[in-house]
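Engineer: Following this line is model-v9.cif, made up of mmCIF, C-alpha atoms:
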data_protein
loop_
_atom_site.group_PDB
_atom_site.id
_atom_site.type_symbol
_atom_site.label_atom_id
_atom_site.label_comp_id
_atom_site.auth_asym_id
_atom_site.auth_seq_id
_atom_site.Cartn_x
_atom_site.Cartn_y
_atom_site.Cartn_z
ATOM 1 C CA GLU A 11 25.268 33.190 -51.838
ATOM 2 C CA VAL A 12 28.798 31.839 -51.214
ATOM 3 C CA VAL A 13 31.162 33.832 -53.426
ATOM 4 C CA LYS A 14 34.387 31.961 -52.677
ATOM 5 C CA GLY A 15 35.527 29.985 -49.655
ATOM 6 C CA GLU A 16 34.262 31.851 -46.622
ATOM 7 C CA VAL A 17 32.944 34.944 -48.427
ATOM 8 C CA TYR A 18 29.172 35.395 -48.411
ATOM 9 C CA PHE A 19 27.200 38.010 -50.314
ATOM 10 C CA ASN A 20 23.495 38.834 -50.142
ATOM 11 C CA ALA A 21 22.465 40.741 -53.278
ATOM 12 C CA ASP A 22 19.151 41.815 -51.721
ATOM 13 C CA THR A 23 20.850 43.662 -48.861
ATOM 14 C CA ASP A 24 24.258 44.405 -50.475
ATOM 15 C CA VAL A 25 25.948 42.866 -47.436
ATOM 16 C CA MET A 26 29.187 40.919 -47.830
ATOM 17 C CA ILE A 27 30.544 38.868 -44.947
ATOM 18 C CA VAL A 28 33.995 37.309 -44.713
ATOM 19 C CA VAL A 29 34.571 34.574 -42.124
ATOM 20 C CA TYR A 30 38.157 33.713 -41.227
ATOM 21 C CA VAL A 31 38.845 31.459 -38.220
ATOM 22 C CA ASP A 32 37.288 33.482 -35.374
ATOM 23 C CA ASP A 33 36.868 36.779 -37.233
ATOM 24 C CA ILE A 34 33.790 38.022 -39.054
ATOM 25 C CA VAL A 35 34.173 41.093 -41.249
ATOM 26 C CA ALA A 36 31.053 42.583 -42.808
ATOM 27 C CA THR A 37 30.607 45.392 -45.279
ATOM 28 C CA GLY A 38 27.596 47.071 -46.825
ATOM 29 C CA PRO A 39 24.968 49.621 -45.803
ATOM 30 C CA GLU A 40 25.321 50.031 -42.029
ATOM 31 C CA PRO A 41 21.699 49.205 -41.082
ATOM 32 C CA ALA A 42 21.781 46.055 -43.221
ATOM 33 C CA VAL A 43 25.164 45.007 -41.794
ATOM 34 C CA ARG A 44 23.923 45.470 -38.226
ATOM 35 C CA LYS A 45 20.792 43.414 -38.997
ATOM 36 C CA ALA A 46 22.859 40.611 -40.583
ATOM 37 C CA LEU A 47 25.241 40.494 -37.628
ATOM 38 C CA ALA A 48 22.301 40.404 -35.198
ATOM 39 C CA ILE A 49 20.944 37.345 -37.025
ATOM 40 C CA ILE A 50 24.364 35.653 -36.849
ATOM 41 C CA ASN A 51 24.677 36.586 -33.166
ATOM 42 C CA LYS A 52 21.526 34.540 -32.419
ATOM 43 C CA LYS A 53 23.443 31.409 -33.488
ATOM 44 C CA VAL A 54 27.049 32.356 -32.670
ATOM 45 C CA GLN A 55 28.199 34.090 -29.513
ATOM 46 C CA MET A 56 30.351 37.060 -30.487
ATOM 47 C CA ASP A 57 31.528 40.440 -29.300
ATOM 48 C CA PRO A 58 29.542 43.520 -30.318
ATOM 49 C CA PRO A 59 30.523 44.783 -33.786
ATOM 50 C CA THR A 60 33.137 47.518 -34.043
ATOM 51 C CA VAL A 61 34.704 49.477 -36.884
ATOM 52 C CA LEU A 62 37.516 47.458 -38.484
ATOM 53 C CA LYS A 63 40.846 48.296 -36.843
ATOM 54 C CA LYS A 64 43.016 45.155 -37.003
ATOM 55 C CA TYR A 65 42.522 42.123 -39.208
ATOM 56 C CA LEU A 66 45.130 39.526 -40.160
ATOM 57 C CA TRP A 67 48.087 41.689 -39.015
ATOM 58 C CA CYS A 68 46.715 44.730 -40.902
ATOM 59 C CA TYR A 69 45.840 47.865 -38.985
ATOM 60 C CA HIS A 70 43.116 49.875 -40.716
ATOM 61 C CA SER A 71 42.421 53.545 -40.150
ATOM 62 C CA PHE A 72 39.456 55.475 -41.585
ATOM 63 C CA VAL A 73 39.000 59.250 -41.357
ATOM 64 C CA CYS A 74 36.101 61.137 -42.927
ATOM 65 C CA LYS A 75 36.588 64.891 -43.287
ATOM 66 C CA ASN A 76 34.437 67.197 -45.397
ATOM 67 C CA GLY A 77 32.855 64.151 -47.037
ATOM 68 C CA VAL A 78 36.211 62.707 -48.159
ATOM 69 C CA LEU A 79 37.055 59.276 -46.745
ATOM 70 C CA SER A 80 40.774 58.688 -46.171
ATOM 71 C CA TYR A 81 42.069 55.222 -45.485
ATOM 72 C CA GLU A 82 45.367 53.756 -44.316
ATOM 73 C CA ILE A 83 46.559 50.169 -44.027
ATOM 74 C CA GLN A 84 49.757 49.604 -42.105
ATOM 75 C CA MET A 85 51.581 46.434 -41.150
ATOM 76 C CA HIS A 86 54.606 47.817 -39.290
ATOM 77 C CA ASN A 87 54.550 45.082 -36.627
ATOM 78 C CA TYR A 88 54.261 42.299 -39.198
ATOM 79 C CA ARG A 89 57.178 43.645 -41.233
ATOM 80 C CA SER A 90 59.301 44.240 -38.117
ATOM 81 C CA LEU A 91 58.762 40.626 -37.101
ATOM 82 C CA ALA A 92 59.695 39.378 -40.587
ATOM 83 C CA CYS A 93 62.853 41.524 -40.563
ATOM 84 C CA ARG A 94 63.898 40.341 -37.085
ATOM 85 C CA GLU A 95 63.345 36.726 -38.119
ATOM 86 C CA PHE A 96 65.521 37.208 -41.201
ATOM 87 C CA GLU A 97 68.250 38.968 -39.201
ATOM 88 C CA GLU A 98 68.339 36.062 -36.753
ATOM 89 C CA GLU A 99 68.609 33.472 -39.510
ATOM 90 C CA SER A 100 71.133 35.410 -41.601
ATOM 91 C CA GLY A 101 73.265 36.552 -38.661
ATOM 92 C CA ARG A 102 73.567 40.036 -40.172
ATOM 93 C CA LYS A 103 72.038 43.402 -39.304
ATOM 94 C CA LEU A 104 69.920 44.947 -42.017
ATOM 95 C CA GLN A 105 71.631 47.753 -43.910
ATOM 96 C CA PRO A 106 70.129 50.998 -45.274
ATOM 97 C CA ALA A 107 68.796 50.561 -48.835
ATOM 98 C CA ASP A 108 66.946 52.981 -51.112
ATOM 99 C CA THR A 109 65.626 50.306 -53.473
ATOM 100 C CA PRO A 110 64.573 46.656 -53.094
ATOM 101 C CA TYR A 111 66.762 45.688 -56.055
ATOM 102 C CA ALA A 112 70.350 44.562 -55.571
ATOM 103 C CA PRO A 113 73.068 46.548 -57.349
ATOM 104 C CA THR A 114 74.446 45.268 -60.632
ATOM 105 C CA VAL A 115 77.596 43.171 -60.377
ATOM 106 C CA THR A 116 80.225 42.383 -62.989
ATOM 107 C CA PRO A 117 79.454 39.523 -65.400
ATOM 108 C CA GLU A 118 82.272 37.473 -63.847
ATOM 109 C CA ARG A 119 80.898 37.965 -60.337
ATOM 110 C CA LEU A 120 77.382 37.141 -61.527
ATOM 111 C CA ASP A 121 78.605 33.910 -63.175
ATOM 112 C CA HIS A 122 80.101 32.866 -59.843
ATOM 113 C CA LEU A 123 76.965 33.782 -57.856
ATOM 114 C CA VAL A 124 74.508 31.964 -60.126
ATOM 115 C CA SER A 125 76.640 28.811 -60.325
ATOM 116 C CA HIS A 126 76.603 28.128 -56.561
ATOM 117 C CA PRO A 127 73.641 27.146 -54.367
ATOM 118 C CA GLY A 128 72.427 29.815 -51.974
ATOM 119 C CA ARG A 129 72.449 29.530 -48.213
ATOM 120 C CA PHE A 130 68.734 30.423 -47.913
ATOM 121 C CA ALA A 131 67.590 27.682 -50.323
ATOM 122 C CA GLY A 132 65.765 25.851 -47.540
ATOM 123 C CA THR A 133 63.952 28.883 -46.119
ATOM 124 C CA CYS A 134 63.573 31.267 -49.069
ATOM 125 C CA ALA A 135 59.951 30.236 -49.747
ATOM 126 C CA HIS A 136 59.016 30.996 -46.137
ATOM 127 C CA HIS A 137 60.596 34.456 -46.229
ATOM 128 C CA LEU A 138 59.240 35.378 -49.655
ATOM 129 C CA MET A 139 55.674 34.247 -48.986
ATOM 130 C CA LYS A 140 55.658 36.091 -45.673
ATOM 131 C CA LEU A 141 56.768 39.249 -47.489
ATOM 132 C CA LEU A 142 54.310 38.667 -50.332
ATOM 133 C CA TYR A 143 51.335 38.633 -47.960
ATOM 134 C CA GLY A 144 52.422 41.930 -46.422
ATOM 135 C CA ALA A 145 53.154 43.407 -49.844
ATOM 136 C CA ARG A 146 49.751 42.467 -51.236
ATOM 137 C CA MET A 147 48.028 44.058 -48.269
ATOM 138 C CA ALA A 148 50.032 47.238 -47.705
ATOM 139 C CA ARG A 149 53.316 47.504 -49.639
ATOM 140 C CA LEU A 150 52.613 47.133 -53.342
ATOM 141 C CA GLU A 151 55.978 48.577 -54.390
ATOM 142 C CA ILE A 152 57.885 45.418 -53.397
ATOM 143 C CA ILE A 153 55.668 42.847 -55.156
ATOM 144 C CA VAL A 154 57.784 42.757 -58.330
ATOM 145 C CA ALA A 155 61.024 42.215 -56.397
ATOM 146 C CA ILE A 156 59.393 39.410 -54.405
ATOM 147 C CA THR A 157 57.823 37.612 -57.362
ATOM 148 C CA ARG A 158 61.034 37.807 -59.389
ATOM 149 C CA LEU A 159 62.817 36.035 -56.551
ATOM 150 C CA ALA A 160 59.951 33.571 -56.053
ATOM 151 C CA ARG A 161 60.617 32.258 -59.589
ATOM 152 C CA LYS A 162 63.981 31.034 -58.301
ATOM 153 C CA ILE A 163 62.801 29.061 -55.251
ATOM 154 C CA SER A 164 63.547 25.665 -56.834
ATOM 155 C CA LYS A 165 66.970 26.766 -58.147
ATOM 156 C CA TRP A 166 68.145 29.130 -55.419
ATOM 157 C CA THR A 167 71.672 30.538 -55.829
ATOM 158 C CA LEU A 168 74.095 32.851 -54.081
ATOM 159 C CA ASP A 169 72.779 35.630 -56.316
ATOM 160 C CA CYS A 170 69.288 34.956 -54.952
ATOM 161 C CA ASP A 171 70.727 35.241 -51.421
ATOM 162 C CA ARG A 172 72.152 38.649 -52.334
ATOM 163 C CA ARG A 173 68.823 39.802 -53.756
ATOM 164 C CA LEU A 174 66.861 38.507 -50.742
ATOM 165 C CA GLU A 175 69.205 40.323 -48.365
ATOM 166 C CA ARG A 176 68.733 43.538 -50.349
ATOM 167 C CA LEU A 177 64.948 43.132 -50.263
ATOM 168 C CA PHE A 178 65.040 42.816 -46.476
ATOM 169 C CA ASP A 179 67.480 45.735 -46.248
ATOM 170 C CA PHE A 180 64.998 47.895 -48.173
ATOM 171 C CA LEU A 181 62.072 46.725 -46.077
ATOM 172 C CA GLY A 182 63.957 47.386 -42.849
ATOM 173 C CA SER A 183 64.914 50.855 -44.079
ATOM 174 C CA HIS A 184 61.299 51.726 -44.867
ATOM 175 C CA ILE A 185 59.406 49.820 -42.183
ATOM 176 C CA LYS A 186 56.944 52.645 -41.472
ATOM 177 C CA LEU A 187 55.556 53.068 -44.994
ATOM 178 C CA SER A 188 51.809 52.446 -45.300
ATOM 179 C CA LEU A 189 49.230 52.108 -48.047
ATOM 180 C CA CYS A 190 47.000 55.188 -48.112
ATOM 181 C CA GLY A 191 44.150 56.419 -50.253
ATOM 182 C CA SER A 192 41.086 58.607 -50.268
ATOM 183 C CA PHE A 193 37.678 58.675 -51.854
ATOM 184 C CA SER A 194 35.288 61.556 -52.360
ATOM 185 C CA PRO A 195 31.549 61.166 -52.999
ATOM 186 C CA GLU A 196 32.150 63.313 -56.096
ATOM 187 C CA ASP A 197 34.069 60.333 -57.548
ATOM 188 C CA TRP A 198 31.191 57.886 -57.077
ATOM 189 C CA ASP A 199 29.941 57.959 -60.699
ATOM 190 C CA THR A 200 33.395 57.418 -62.214
ATOM 191 C CA VAL A 201 35.215 55.123 -59.782
ATOM 192 C CA GLU A 202 36.064 51.599 -60.987
ATOM 193 C CA ILE A 203 37.565 48.879 -58.810
ATOM 194 C CA HIS A 204 39.967 46.803 -60.892
ATOM 195 C CA ALA A 205 41.667 44.843 -58.102
ATOM 196 C CA TRP A 206 41.159 44.024 -54.466
#
Starting from the file, lay out its structure as structure tokens.
Structural biologist:
Amino acid sequence: EVVKGEVYFNADTDVMIVVYVDDIVATGPEPAVRKALAIINKKVQMDPPTVLKKYLWCYHSFVCKNGVLSYEIQMHNYRSLACREFEEESGRKLQPADTPYAPTVTPERLDHLVSHPGRFAGTCAHHLMKLLYGARMARLEIIVAITRLARKISKWTLDCDRRLERLFDFLGSHIKLSLCGSFSPEDWDTVEIHAW
């Protein structure tokens, strides 16, 4: 059954397969996954299956210890590239920042900033959508800052420039943060997945 786009799910085997360009990612009971991939391999030449390590700029790490599965997703290289690209366009080095939100300015200063078009008006969508992908995959704490700015893409101002610079400053200051979690078999009866 096709779930959506290039996502396939077989309810009889509990195997889900995602096809993206030249990557095939499969999940489910290991024997069933191996059998499904062997069937695909009869029609499509592919490398032998391996445990997921890198997929769409995301590096995945799995460790099982004492029955507890720990998981990490990191996108350090992706974020470093985004930061370098922004530094080149802006002509400024990223500054240390403890929060992705720009400091409050006086009402007079804010009036000036919101009444003038921003310098990144032509490229803000590119920068924000690049950051949003990385945030959705491995840096959930910056999604709100990104989406608040994304509302302004069609009416970009100098204040938006200031907020975008601060967002990149924060990201550059915390480039090595990763998304981590763990799961114990003892949680199996109570776990609920609310989002992917």
Engineer: For the point (21.6, 41.9, -40.1) in file coordinates, what residues are within 12 Å, counting only C-alpha atoms? Give the answer as a list in words?
Structural biologist: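 The residues near that point, listed by chain and number, are Asn20, Asp22, Thr23, Asp24, Val25, Met26, Ile27, Ala36, Thr37, Gly38, Pro39, Glu40, Pro41, Ala42, Val43, Arg44, Lys45, Ala46, Leu47, Ala48, Ile49, Ile50, Asn51, Lys52 and Pro59 of chain A.
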Engineer: Mind checking which residues fall within 12 Å of range 156-164 of chain A, counting all atoms listed in the file, ignoring those fewer than 2 positions away in the same chain, and posting them as a PyMOL selection string?
Structural biologist: chain A and resi 110-112+124+127-146+149-154+166-178+180-181
Engineer: Selection in question (the file shown): the PyMOL selection byres ((chain A and resi 192-203) around 12). Which residues does it include, as an MDAnalysis selection string?
Structural biologist: chainID A and resid 71:83 189:191 204:206
Engineer: Could you list the residues chosen by the PyMOL selection byres ((chain A and resi 87) around 12) in this structure as a PyMOL selection string?
Structural biologist: chain A and resi 64+66-69+84-86+88-94+144+182+185-188
Engineer: Grab the CA of Pro113 in chain A to CA of Ala155 in chain A distance for me, in Å with one decimal place.
Structural biologist: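 CA of Ala155 in chain A lies 12.8 Å from CA of Pro113 in chain A.
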Engineer: Quick one: pull the distance between CA of Met147 in chain A and CA of Glu95 in chain A, Å, one decimal.
Structural biologist: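 Between CA of Met147 in chain A and CA of Glu95 in chain A the gap works out to 19.8 Å.
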Engineer: Show me, as a count of residues only, the residues that have an atom within 6 Å of Val28 in chain A when counting only C-alpha atoms, minus same-chain residues fewer than 6 positions from it.
Structural biologist: 4
Engineer: What are the centre and the three edge lengths of an axis-aligned box that wraps all atoms of range 117-127 of chain A in the file, given that 4 Å is added to every side, written as JSON and rounded to one decimal in Å?
Structural biologist:
{"center_x": 78.0, "center_y": 33.3, "center_z": -59.9, "size_x": 16.6, "size_y": 20.4, "size_z": 19.0}
